[in-house]
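Trainee: The structure under discussion is supplied below as structure tokens; questions concerning it will follow.
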Amino acid sequence: PAGRGAWLPWLITAGVVAVLVGAVFYPRLRDGEAVTVGAGGAPMAGVPTPGAGAPSAADLANMDPREAADRLYNRVMQAFSAGDTAQVTMFLPMALSAHQQIDSLDNDARFHLATLHLVAANLPAARAQADTLLAGNPNHLLGLGLAAEVATVQGDSAQARSFYQRYLDAYAAESTRPLPEYQEHSGSLEAQRERARTALGP
């Protein structure tokens, strides 16, 4: 049917985005601690479970915009990593709105916003945030990783390979910089390096 055909490209894009985000960008979760995943994808002891920590309306009302944005980002990514589409659908618009209310996005918040856009399969918006990170630092690892993933989903393999190569070239020096966003997302940096190596081959 025509309706099914119209949905097919979107479903393919959303599926590819889900694989990439789940593999690379979800390891982080609350209080600055990356989620550690055990055998079979189960969260290990000491890690908040996907159903934990859902912020209530009252909680959010008492938070400043950045704290609320962080809580909602964590909630979306916990639900996403668990495959809980109902919770993602509920909290994703709230998380996007909360980030838009922050007066000035730092690099960590900008990475959060880009990742949320990836979860929403809004590739132009995710790429715009990546470009802003790279405008401030052409070797910014999170920006390069985001740009590479967007290009991959868009099917631009040449551009994806270019960003992956830049990522690997910059990694040794850049990953040692004491940037808050690198410290918060060290797991994502490692995962992205492995994706870059796999994409470029031997």
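If you're wondering about the labels, chains in the structure tokens are A, B, ... by order shown, residues count from 1 in each chain, ligands from 1 in order shown.
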Give me the residues within 9 Å of Ser175 of chain A as a ChimeraX atom specification, counting only C-alpha atoms and dropping any in the same chain fewer than 5 places off.

Mentor: /A:141,170,182,186,189

Trainee: Keeping only N, CA, C and O atoms, take the residues you just selected and write them out as an mmCIF file, in the first residue's frame.

Mentor:
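Listing of selection10.cif after writing:
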```cif
data_model
loop_
_atom_site.group_PDB
_atom_site.id
_atom_site.type_symbol
_atom_site.label_atom_id
_atom_site.label_comp_id
_atom_site.auth_asym_id
_atom_site.auth_seq_id
_atom_site.Cartn_x
_atom_site.Cartn_y
_atom_site.Cartn_z
ATOM 1 N N LEU A 141 36.275 15.726 19.738
ATOM 2 C CA LEU A 141 35.964 14.324 19.467
ATOM 3 C C LEU A 141 34.464 14.051 19.434
ATOM 4 O O LEU A 141 33.986 13.282 18.594
ATOM 5 N N ALA A 170 42.978 12.693 15.733
ATOM 6 C CA ALA A 170 42.967 13.636 16.854
ATOM 7 C C ALA A 170 42.916 12.951 18.210
ATOM 8 O O ALA A 170 43.204 13.583 19.234
ATOM 9 N N TYR A 182 34.417 15.522 27.962
ATOM 10 C CA TYR A 182 35.165 14.286 27.744
ATOM 11 C C TYR A 182 35.123 13.407 28.987
ATOM 12 O O TYR A 182 35.014 12.183 28.897
ATOM 13 N N SER A 186 33.367 9.607 28.688
ATOM 14 C CA SER A 186 34.548 8.826 28.328
ATOM 15 C C SER A 186 34.155 7.512 27.662
ATOM 16 O O SER A 186 34.831 7.046 26.734
ATOM 17 N N LEU A 189 33.465 8.167 24.052
ATOM 18 C CA LEU A 189 34.698 8.402 23.283
ATOM 19 C C LEU A 189 35.333 7.072 22.886
ATOM 20 O O LEU A 189 35.778 6.899 21.744
#
```

Trainee: Check the smallest atom-to-atom distance from each of A:Ala191, A:Ala120, A:Ala69, A:Ala160 to Thr89 of chain A using only C-alpha atoms, then report the winner.

Mentor: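 Looking only at the distances to Thr89 of chain A, the closest residue turns out to be A:Ala120.
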
Trainee: Please indicate the distance in Å from atom CA of Leu116 of chain A to atom CA of Gly201 of chain A, rounded to one decimal place.

Mentor: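 These two atoms are separated by 28.6 Å.
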
Trainee: Need the shell around Leu134 of chain A: protein/DNA/RNA residues with any atom at most 6 Å away, counting only C-alpha atoms. Skip same-chain ones fewer than 4 positions apart. Format as a ChimeraX atom specification?

Mentor: /A:138,140,143

Trainee: Please, what distance in Å, to one decimal, runs between atom CA of Leu92 of chain A and atom CA of Gln183 of chain A?

Mentor: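 For atom CA of Leu92 of chain A relative to atom CA of Gln183 of chain A, the distance reads 24.2 Å.
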
Trainee: Rounded to one decimal in Å, what is the spacing between atom CA of Arg66 of chain A and atom CA of His117 of chain A?

Mentor: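 Computing the Euclidean distance for atom CA of Arg66 of chain A and atom CA of His117 of chain A yields 17.3 Å.
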
Trainee: Extract, using only C-alpha atoms, all DNA, RNA and protein residues at most 12 Å from Asn137 of chain A, discarding same-chain residues fewer than 5 positions from it, and format them as a PyMOL selection string.

Mentor: chain A and resi 107+130-132+142-144+170+174+179

Trainee: Generate the output file for the selected residues, N, CA, C and O atoms, as a PDB file, in the first residue's frame.

Mentor:
```pdb
ATOM      1  N   ASN A 107      29.461  22.764  25.970  1.00  0.00           N
ATOM      2  CA  ASN A 107      29.696  21.660  25.041  1.00  0.00           C
ATOM      3  C   ASN A 107      29.022  20.370  25.480  1.00  0.00           C
ATOM      4  O   ASN A 107      28.559  19.580  24.652  1.00  0.00           O
ATOM      5  N   ALA A 130      26.647  19.322  15.984  1.00  0.00           N
ATOM      6  CA  ALA A 130      28.010  18.833  15.746  1.00  0.00           C
ATOM      7  C   ALA A 130      28.857  19.917  15.095  1.00  0.00           C
ATOM      8  O   ALA A 130      30.025  20.133  15.465  1.00  0.00           O
ATOM      9  N   ASP A 131      28.287  20.618  14.120  1.00  0.00           N
ATOM     10  CA  ASP A 131      29.022  21.679  13.437  1.00  0.00           C
ATOM     11  C   ASP A 131      29.398  22.799  14.399  1.00  0.00           C
ATOM     12  O   ASP A 131      30.484  23.392  14.281  1.00  0.00           O
ATOM     13  N   THR A 132      28.523  23.089  15.350  1.00  0.00           N
ATOM     14  CA  THR A 132      28.838  24.134  16.325  1.00  0.00           C
ATOM     15  C   THR A 132      29.997  23.696  17.222  1.00  0.00           C
ATOM     16  O   THR A 132      30.897  24.503  17.523  1.00  0.00           O
ATOM     17  N   LEU A 142      33.727  14.657  20.336  1.00  0.00           N
ATOM     18  CA  LEU A 142      32.288  14.426  20.332  1.00  0.00           C
ATOM     19  C   LEU A 142      31.643  15.012  19.082  1.00  0.00           C
ATOM     20  O   LEU A 142      30.720  14.424  18.508  1.00  0.00           O
ATOM     21  N   GLY A 143      32.142  16.159  18.645  1.00  0.00           N
ATOM     22  CA  GLY A 143      31.626  16.751  17.411  1.00  0.00           C
ATOM     23  C   GLY A 143      31.949  15.909  16.194  1.00  0.00           C
ATOM     24  O   GLY A 143      31.098  15.702  15.320  1.00  0.00           O
ATOM     25  N   LEU A 144      33.175  15.401  16.126  1.00  0.00           N
ATOM     26  CA  LEU A 144      33.568  14.546  15.002  1.00  0.00           C
ATOM     27  C   LEU A 144      32.758  13.250  14.999  1.00  0.00           C
ATOM     28  O   LEU A 144      32.335  12.784  13.940  1.00  0.00           O
ATOM     29  N   ALA A 170      42.978  12.693  15.733  1.00  0.00           N
ATOM     30  CA  ALA A 170      42.967  13.636  16.854  1.00  0.00           C
ATOM     31  C   ALA A 170      42.916  12.951  18.210  1.00  0.00           C
ATOM     32  O   ALA A 170      43.204  13.583  19.234  1.00  0.00           O
ATOM     33  N   GLU A 174      43.765  14.695  21.819  1.00  0.00           N
ATOM     34  CA  GLU A 174      42.532  15.353  22.251  1.00  0.00           C
ATOM     35  C   GLU A 174      41.902  14.663  23.463  1.00  0.00           C
ATOM     36  O   GLU A 174      41.357  15.330  24.352  1.00  0.00           O
ATOM     37  N   LEU A 179      38.626  18.184  29.519  1.00  0.00           N
ATOM     38  CA  LEU A 179      37.369  18.867  29.214  1.00  0.00           C
ATOM     39  C   LEU A 179      36.225  18.164  29.948  1.00  0.00           C
ATOM     40  O   LEU A 179      36.153  16.930  29.964  1.00  0.00           O
TER      41      LEU A 179
END
```
